[in-house]
Amino acid sequence: MKEEPENTTIFGKILRGEIPAEVVHEDIHCLAFKDIQPVAPQHILIIPKRHIPRLSEATEEQRTILGHLLFVAAKIARDLGLDREGFRVVVNDGERACQSVFHLHLHLLGGRDFSWPPG
Ligand code: AMP
């Protein structure tokens, strides 16, 4: 496997165990943990273990992991009972969409009503 440059983002530190996280799911491809500043009663982040800075930078060879992240989001939503009333999955890509951590992550949000369009 090709050597990756060190992932200096906060999520890289979580993946290396340098800072703690409340992990709710882990497998060989991804890690899911509670957001430190939740914007909903349930707010989980699902991240790939390989560093993909943002969705728009995902490569052809990473298409399987992109599907896996969504699959895991749905599984966690079911485990938390969020599928009964509905939930939201969000990916912020780039500054204009308020991405603040440049390690791809899915926000799984549930436990309250959401409006549309999003802000
Ligand atoms: P985004 O703005 O889409 O890049 O989302 C980044 C998310 O990471 C925000 O919702 C933050 O609250 C969350 N976050 C930042 N640092 C941590 C951390 N140490 N543990 C858990 N979540 C974090």
# chains A, B, ... in the order shown; residues from 1 in each chain; ligands from 1
call {"tool": "residues_near_ligand", "arguments": {"ligand": "ligand 1", "cutoff": "9 Å", "atoms": "only C-alpha atoms and all ligand atoms", "output": "PyMOL selection string"}}
result
chain A and resi 10-11+13-14+19-22+33-39+43-45+90-95+97-107
call {"tool": "write_last_selection", "arguments": {"atoms": "N, CA and C atoms", "output": "short mmCIF file (atom, residue, chain, number, x, y, z; two decimals), in the first residue's frame"}}
result
data_model
loop_
_atom_site.label_atom_id
_atom_site.label_comp_id
_atom_site.auth_asym_id
_atom_site.auth_seq_id
_atom_site.Cartn_x
_atom_site.Cartn_y
_atom_site.Cartn_z
N ILE A 10 -7.63 16.84 13.06
CA ILE A 10 -8.09 16.35 14.36
C ILE A 10 -8.60 14.90 14.24
N PHE A 11 -9.15 14.55 13.10
CA PHE A 11 -9.65 13.17 12.93
C PHE A 11 -8.48 12.19 12.75
N LYS A 13 -5.75 12.51 14.37
CA LYS A 13 -5.31 12.30 15.77
C LYS A 13 -6.23 11.30 16.47
N ILE A 14 -7.53 11.39 16.19
CA ILE A 14 -8.46 10.41 16.78
C ILE A 14 -8.15 9.01 16.27
N ILE A 19 -5.99 11.55 20.62
CA ILE A 19 -7.02 12.22 21.41
C ILE A 19 -8.24 11.30 21.47
N PRO A 20 -9.02 11.41 22.56
CA PRO A 20 -10.12 10.46 22.75
C PRO A 20 -11.34 10.78 21.90
N ALA A 21 -12.17 9.78 21.71
CA ALA A 21 -13.45 9.97 21.03
C ALA A 21 -14.41 8.92 21.58
N GLU A 22 -15.69 9.26 21.56
CA GLU A 22 -16.72 8.29 21.98
C GLU A 22 -17.13 7.46 20.77
N PHE A 33 -17.94 8.03 15.56
CA PHE A 33 -17.87 8.51 16.94
C PHE A 33 -18.79 9.72 17.10
N LYS A 34 -19.09 10.05 18.37
CA LYS A 34 -20.02 11.16 18.65
C LYS A 34 -19.35 12.50 18.36
N ASP A 35 -20.10 13.40 17.74
CA ASP A 35 -19.59 14.75 17.50
C ASP A 35 -19.45 15.47 18.84
N ILE A 36 -18.36 16.21 18.99
CA ILE A 36 -18.06 16.88 20.26
C ILE A 36 -18.99 18.08 20.50
N GLN A 37 -19.54 18.62 19.43
CA GLN A 37 -20.48 19.76 19.55
C GLN A 37 -21.75 19.40 18.79
N PRO A 38 -22.57 18.51 19.37
CA PRO A 38 -23.73 18.00 18.63
C PRO A 38 -24.74 19.09 18.29
N VAL A 39 -25.30 19.00 17.09
CA VAL A 39 -26.34 19.94 16.67
C VAL A 39 -27.70 19.25 16.60
N HIS A 43 -25.80 12.89 17.07
CA HIS A 43 -24.92 13.47 16.05
C HIS A 43 -23.63 12.64 16.02
N ILE A 44 -23.56 11.79 15.00
CA ILE A 44 -22.45 10.85 14.86
C ILE A 44 -21.65 11.22 13.61
N LEU A 45 -20.34 11.13 13.69
CA LEU A 45 -19.48 11.33 12.53
C LEU A 45 -18.94 9.98 12.07
N VAL A 90 -25.29 14.24 6.19
CA VAL A 90 -24.76 15.45 5.56
C VAL A 90 -23.25 15.30 5.33
N VAL A 91 -22.81 15.76 4.16
CA VAL A 91 -21.37 15.90 3.91
C VAL A 91 -21.13 17.35 3.51
N ASN A 92 -20.29 18.04 4.26
CA ASN A 92 -19.90 19.40 3.90
C ASN A 92 -18.60 19.30 3.10
N ASP A 93 -18.59 19.89 1.91
CA ASP A 93 -17.39 19.85 1.07
C ASP A 93 -16.91 21.27 0.81
N GLY A 94 -15.77 21.60 1.41
CA GLY A 94 -15.15 22.88 1.13
C GLY A 94 -15.66 24.00 2.02
N GLU A 95 -14.97 25.12 1.91
CA GLU A 95 -15.22 26.25 2.82
C GLU A 95 -16.64 26.80 2.69
N ALA A 97 -19.31 25.35 2.09
CA ALA A 97 -20.27 24.46 2.74
C ALA A 97 -19.94 24.27 4.22
N CYS A 98 -19.02 25.08 4.74
CA CYS A 98 -18.64 25.06 6.17
C CYS A 98 -17.86 23.81 6.57
N GLN A 99 -17.13 23.17 5.63
CA GLN A 99 -16.26 22.08 6.07
C GLN A 99 -15.13 22.67 6.89
N SER A 100 -14.96 22.16 8.10
CA SER A 100 -13.91 22.70 8.98
C SER A 100 -12.80 21.68 9.23
N VAL A 101 -13.09 20.40 9.06
CA VAL A 101 -12.07 19.36 9.25
C VAL A 101 -11.87 18.68 7.90
N PHE A 102 -10.63 18.76 7.39
CA PHE A 102 -10.38 18.26 6.05
C PHE A 102 -9.93 16.80 6.07
N HIS A 103 -10.83 16.02 6.62
CA HIS A 103 -10.79 14.55 6.54
C HIS A 103 -12.25 14.18 6.34
N LEU A 104 -12.57 13.62 5.18
CA LEU A 104 -13.96 13.34 4.83
C LEU A 104 -14.74 12.75 5.99
N HIS A 105 -15.95 13.26 6.22
CA HIS A 105 -16.81 12.70 7.27
C HIS A 105 -18.27 12.87 6.89
N LEU A 106 -19.06 11.86 7.27
CA LEU A 106 -20.51 11.95 7.14
C LEU A 106 -21.05 12.36 8.50
N HIS A 107 -21.93 13.36 8.52
CA HIS A 107 -22.66 13.69 9.73
C HIS A 107 -23.96 12.88 9.70
#
call {"tool": "residues_around", "arguments": {"residues": "stretch 57-71 of chain A", "least_positions_apart": "5", "cutoff": "10 Å", "atoms": "only C-alpha atoms", "output": "VMD selection string"}}
result
chain A and resid 29 to 32 46 to 52 76 to 77 89 93 104 to 106 108
call {"tool": "write_last_selection", "arguments": {"atoms": "N, CA and C atoms", "output": "short mmCIF file (atom, residue, chain, number, x, y, z; two decimals), in the first residue's frame"}}
result
data_model
loop_
_atom_site.label_atom_id
_atom_site.label_comp_id
_atom_site.auth_asym_id
_atom_site.auth_seq_id
_atom_site.Cartn_x
_atom_site.Cartn_y
_atom_site.Cartn_z
N HIS A 29 -12.46 -0.42 7.68
CA HIS A 29 -12.47 0.72 6.74
C HIS A 29 -12.82 2.05 7.38
N CYS A 30 -13.55 2.03 8.50
CA CYS A 30 -14.04 3.31 9.02
C CYS A 30 -14.20 3.32 10.53
N LEU A 31 -14.36 4.53 11.05
CA LEU A 31 -14.58 4.75 12.48
C LEU A 31 -15.77 5.72 12.60
N ALA A 32 -16.64 5.46 13.58
CA ALA A 32 -17.77 6.37 13.83
C ALA A 32 -17.76 6.74 15.30
N ILE A 46 -18.99 9.73 10.77
CA ILE A 46 -18.46 8.49 10.21
C ILE A 46 -17.32 8.87 9.27
N ILE A 47 -16.13 8.34 9.56
CA ILE A 47 -14.96 8.75 8.78
C ILE A 47 -14.23 7.51 8.23
N PRO A 48 -13.63 7.66 7.02
CA PRO A 48 -12.80 6.57 6.51
C PRO A 48 -11.48 6.53 7.27
N LYS A 49 -10.88 5.35 7.39
CA LYS A 49 -9.57 5.28 8.05
C LYS A 49 -8.47 5.84 7.15
N ARG A 50 -8.61 5.65 5.84
CA ARG A 50 -7.68 6.29 4.91
C ARG A 50 -8.05 7.76 4.79
N HIS A 51 -7.02 8.60 4.67
CA HIS A 51 -7.28 10.04 4.63
C HIS A 51 -7.76 10.48 3.25
N ILE A 52 -9.03 10.86 3.18
CA ILE A 52 -9.60 11.51 2.00
C ILE A 52 -9.95 12.92 2.48
N ILE A 76 -25.96 2.41 11.72
CA ILE A 76 -25.95 3.10 13.02
C ILE A 76 -27.32 3.75 13.27
N ALA A 77 -27.89 4.33 12.21
CA ALA A 77 -29.22 4.94 12.35
C ALA A 77 -30.24 3.90 12.82
N VAL A 89 -28.31 12.66 6.71
CA VAL A 89 -26.88 12.44 6.52
C VAL A 89 -26.35 13.61 5.69
N ASP A 93 -18.59 19.89 1.91
CA ASP A 93 -17.39 19.85 1.07
C ASP A 93 -16.91 21.27 0.81
N LEU A 104 -12.57 13.62 5.18
CA LEU A 104 -13.96 13.34 4.83
C LEU A 104 -14.74 12.75 5.99
N HIS A 105 -15.95 13.26 6.22
CA HIS A 105 -16.81 12.70 7.27
C HIS A 105 -18.27 12.87 6.89
N LEU A 106 -19.06 11.86 7.27
CA LEU A 106 -20.51 11.95 7.14
C LEU A 106 -21.05 12.36 8.50
N LEU A 108 -24.19 12.07 10.72
CA LEU A 108 -25.48 11.40 10.90
C LEU A 108 -26.21 12.15 12.01
#
call {"tool": "atom_distance", "arguments": {"atom1": "atom CA of A:Leu82", "atom2": "atom CA of A:Ala40"}}
result
11.9 Å
call {"tool": "closest_residue", "arguments": {"among": "A:Ile28, A:Gly81, A:Thr9, A:Ala74", "to": "A:Pro53", "atoms": "only C-alpha atoms"}}
result
A:Thr9
call {"tool": "select_by_dssp", "arguments": {"residues": "chain A", "states": "strand (DSSP E or B)", "output": "list in words"}}
result
Val23, Val24, His25, Glu26, Cys30, Leu31, Ala32, Phe33, Lys34, Gln42, His43, Ile44, Leu45, Ile46, Ile47, Pro48, Phe87, Arg88, Val89, Val90, Leu106, His107, Leu108, Leu109 and Gly110 of chain A
call {"tool": "write_last_selection", "arguments": {"atoms": "C-alpha atoms", "output": "PDB file, in the first residue's frame"}}
result
ATOM      1  CA  VAL A  23     -16.613   5.533  19.398  1.00  0.00           C
ATOM      2  CA  VAL A  24     -19.906   3.914  18.382  1.00  0.00           C
ATOM      3  CA  HIS A  25     -18.658   1.747  15.483  1.00  0.00           C
ATOM      4  CA  GLU A  26     -15.332   0.562  14.104  1.00  0.00           C
ATOM      5  CA  CYS A  30     -14.042   3.311   9.016  1.00  0.00           C
ATOM      6  CA  LEU A  31     -14.583   4.747  12.479  1.00  0.00           C
ATOM      7  CA  ALA A  32     -17.769   6.371  13.827  1.00  0.00           C
ATOM      8  CA  PHE A  33     -17.869   8.514  16.942  1.00  0.00           C
ATOM      9  CA  LYS A  34     -20.018  11.159  18.645  1.00  0.00           C
ATOM     10  CA  GLN A  42     -27.934  12.187  18.004  1.00  0.00           C
ATOM     11  CA  HIS A  43     -24.917  13.467  16.050  1.00  0.00           C
ATOM     12  CA  ILE A  44     -22.446  10.854  14.858  1.00  0.00           C
ATOM     13  CA  LEU A  45     -19.480  11.333  12.528  1.00  0.00           C
ATOM     14  CA  ILE A  46     -18.460   8.488  10.211  1.00  0.00           C
ATOM     15  CA  ILE A  47     -14.956   8.745   8.780  1.00  0.00           C
ATOM     16  CA  PRO A  48     -12.800   6.567   6.505  1.00  0.00           C
ATOM     17  CA  PHE A  87     -32.734  11.109  10.069  1.00  0.00           C
ATOM     18  CA  ARG A  88     -30.339  13.156   7.971  1.00  0.00           C
ATOM     19  CA  VAL A  89     -26.876  12.439   6.521  1.00  0.00           C
ATOM     20  CA  VAL A  90     -24.763  15.454   5.555  1.00  0.00           C
ATOM     21  CA  LEU A 106     -20.512  11.948   7.140  1.00  0.00           C
ATOM     22  CA  HIS A 107     -22.664  13.693   9.734  1.00  0.00           C
ATOM     23  CA  LEU A 108     -25.481  11.398  10.900  1.00  0.00           C
ATOM     24  CA  LEU A 109     -28.105  13.585  12.558  1.00  0.00           C
ATOM     25  CA  GLY A 110     -31.258  12.443  14.285  1.00  0.00           C
TER      26      GLY A 110
END
call {"tool": "select_by_dssp", "arguments": {"residues": "chain A", "states": "alpha helix (DSSP H)", "output": "list of chain:residue names"}}
result
A:Ile10, A:Phe11, A:Gly12, A:Lys13, A:Ile14, A:Leu15, A:Arg63, A:Thr64, A:Ile65, A:Leu66, A:Gly67, A:His68, A:Leu69, A:Leu70, A:Phe71, A:Val72, A:Ala73, A:Ala74, A:Lys75, A:Ile76, A:Ala77, A:Arg78, A:Asp79
call {"tool": "atom_distance", "arguments": {"atom1": "atom CA of A:Arg112", "atom2": "atom CA of A:Arg84"}}
result
12.0 Å
call {"tool": "atom_distance", "arguments": {"atom1": "atom CA of A:Asp83", "atom2": "atom CA of A:Leu15"}}
result
27.7 Å
call {"tool": "decode", "arguments": {"residues": "stretch 26-41 of chain A", "atoms": "all heavy atoms", "output": "compact mmCIF listing (two decimals), in the first residue's frame"}}
result
# COMPACT_ATOMS: atom_id res chain seq x y z
N GLU A 26 -16.64 0.63 14.76
CA GLU A 26 -15.33 0.56 14.10
C GLU A 26 -15.26 -0.70 13.28
O GLU A 26 -15.71 -1.77 13.70
CB GLU A 26 -14.19 0.57 15.14
CG GLU A 26 -12.82 0.52 14.47
CD GLU A 26 -11.66 0.83 15.38
OE1 GLU A 26 -11.83 0.80 16.62
OE2 GLU A 26 -10.56 1.08 14.84
N ASP A 27 -14.71 -0.59 12.07
CA ASP A 27 -14.37 -1.77 11.27
C ASP A 27 -13.08 -1.46 10.53
O ASP A 27 -12.46 -0.42 10.79
CB ASP A 27 -15.55 -2.16 10.35
CG ASP A 27 -15.92 -1.07 9.36
OD1 ASP A 27 -15.01 -0.52 8.72
OD2 ASP A 27 -17.11 -0.76 9.22
N ILE A 28 -12.67 -2.33 9.62
CA ILE A 28 -11.35 -2.12 9.02
C ILE A 28 -11.30 -0.88 8.12
O ILE A 28 -10.24 -0.34 7.87
CB ILE A 28 -10.84 -3.36 8.23
CG1 ILE A 28 -11.82 -3.75 7.14
CG2 ILE A 28 -10.53 -4.51 9.16
CD1 ILE A 28 -11.21 -4.75 6.15
N HIS A 29 -12.46 -0.42 7.68
CA HIS A 29 -12.47 0.72 6.74
C HIS A 29 -12.82 2.05 7.38
O HIS A 29 -12.50 3.11 6.82
CB HIS A 29 -13.47 0.46 5.62
CG HIS A 29 -13.15 -0.74 4.79
ND1 HIS A 29 -11.99 -0.84 4.07
CD2 HIS A 29 -13.83 -1.89 4.59
CE1 HIS A 29 -11.97 -2.01 3.44
NE2 HIS A 29 -13.07 -2.65 3.76
N CYS A 30 -13.55 2.03 8.50
CA CYS A 30 -14.04 3.31 9.02
C CYS A 30 -14.20 3.32 10.53
O CYS A 30 -14.16 2.27 11.19
CB CYS A 30 -15.37 3.68 8.35
SG CYS A 30 -16.79 2.73 8.90
N LEU A 31 -14.36 4.53 11.05
CA LEU A 31 -14.58 4.75 12.48
C LEU A 31 -15.77 5.72 12.60
O LEU A 31 -15.89 6.65 11.80
CB LEU A 31 -13.33 5.39 13.10
CG LEU A 31 -13.31 5.55 14.61
CD1 LEU A 31 -13.15 4.18 15.29
CD2 LEU A 31 -12.16 6.46 15.04
N ALA A 32 -16.64 5.46 13.58
CA ALA A 32 -17.77 6.37 13.83
C ALA A 32 -17.76 6.74 15.30
O ALA A 32 -17.57 5.89 16.17
CB ALA A 32 -19.08 5.70 13.45
N PHE A 33 -17.94 8.03 15.56
CA PHE A 33 -17.87 8.51 16.94
C PHE A 33 -18.79 9.72 17.10
O PHE A 33 -19.21 10.34 16.10
CB PHE A 33 -16.42 8.88 17.32
CG PHE A 33 -15.72 9.79 16.34
CD1 PHE A 33 -15.78 11.16 16.48
CD2 PHE A 33 -15.03 9.26 15.25
CE1 PHE A 33 -15.15 12.00 15.57
CE2 PHE A 33 -14.40 10.09 14.33
CZ PHE A 33 -14.45 11.46 14.50
N LYS A 34 -19.09 10.05 18.37
CA LYS A 34 -20.02 11.16 18.65
C LYS A 34 -19.35 12.50 18.36
O LYS A 34 -18.18 12.71 18.72
CB LYS A 34 -20.48 11.10 20.10
CG LYS A 34 -21.33 9.88 20.38
CD LYS A 34 -21.93 9.92 21.76
CE LYS A 34 -22.77 8.67 21.99
NZ LYS A 34 -23.39 8.62 23.31
N ASP A 35 -20.10 13.40 17.74
CA ASP A 35 -19.59 14.75 17.50
C ASP A 35 -19.45 15.47 18.84
O ASP A 35 -20.32 15.37 19.71
CB ASP A 35 -20.54 15.53 16.57
CG ASP A 35 -19.89 16.77 16.00
OD1 ASP A 35 -19.62 17.72 16.77
OD2 ASP A 35 -19.64 16.78 14.78
N ILE A 36 -18.36 16.21 18.99
CA ILE A 36 -18.06 16.88 20.26
C ILE A 36 -18.99 18.08 20.50
O ILE A 36 -19.19 18.50 21.64
CB ILE A 36 -16.57 17.29 20.28
CG1 ILE A 36 -16.06 17.41 21.71
CG2 ILE A 36 -16.32 18.55 19.48
CD1 ILE A 36 -14.55 17.52 21.81
N GLN A 37 -19.54 18.62 19.43
CA GLN A 37 -20.48 19.76 19.55
C GLN A 37 -21.75 19.40 18.79
O GLN A 37 -22.00 19.91 17.69
CB GLN A 37 -19.86 21.03 18.98
CG GLN A 37 -18.80 21.64 19.87
CD GLN A 37 -18.36 23.00 19.36
OE1 GLN A 37 -17.79 23.08 18.26
NE2 GLN A 37 -18.60 24.03 20.11
N PRO A 38 -22.57 18.51 19.37
CA PRO A 38 -23.73 18.00 18.63
C PRO A 38 -24.74 19.09 18.29
O PRO A 38 -24.99 19.99 19.09
CB PRO A 38 -24.33 16.98 19.61
CG PRO A 38 -23.78 17.31 20.95
CD PRO A 38 -22.45 17.96 20.73
N VAL A 39 -25.30 19.00 17.09
CA VAL A 39 -26.34 19.94 16.67
C VAL A 39 -27.70 19.25 16.60
O VAL A 39 -28.67 19.81 16.07
CB VAL A 39 -25.99 20.62 15.33
CG1 VAL A 39 -24.72 21.44 15.45
CG2 VAL A 39 -25.87 19.60 14.19
N ALA A 40 -27.75 18.03 17.11
CA ALA A 40 -29.00 17.26 17.20
C ALA A 40 -28.82 16.29 18.36
O ALA A 40 -27.68 16.00 18.77
CB ALA A 40 -29.26 16.50 15.89
N PRO A 41 -29.93 15.76 18.91
CA PRO A 41 -29.81 14.82 20.03
C PRO A 41 -28.88 13.64 19.70
O PRO A 41 -28.17 13.14 20.57
CB PRO A 41 -31.25 14.36 20.25
CG PRO A 41 -32.07 15.54 19.83
CD PRO A 41 -31.34 16.11 18.64
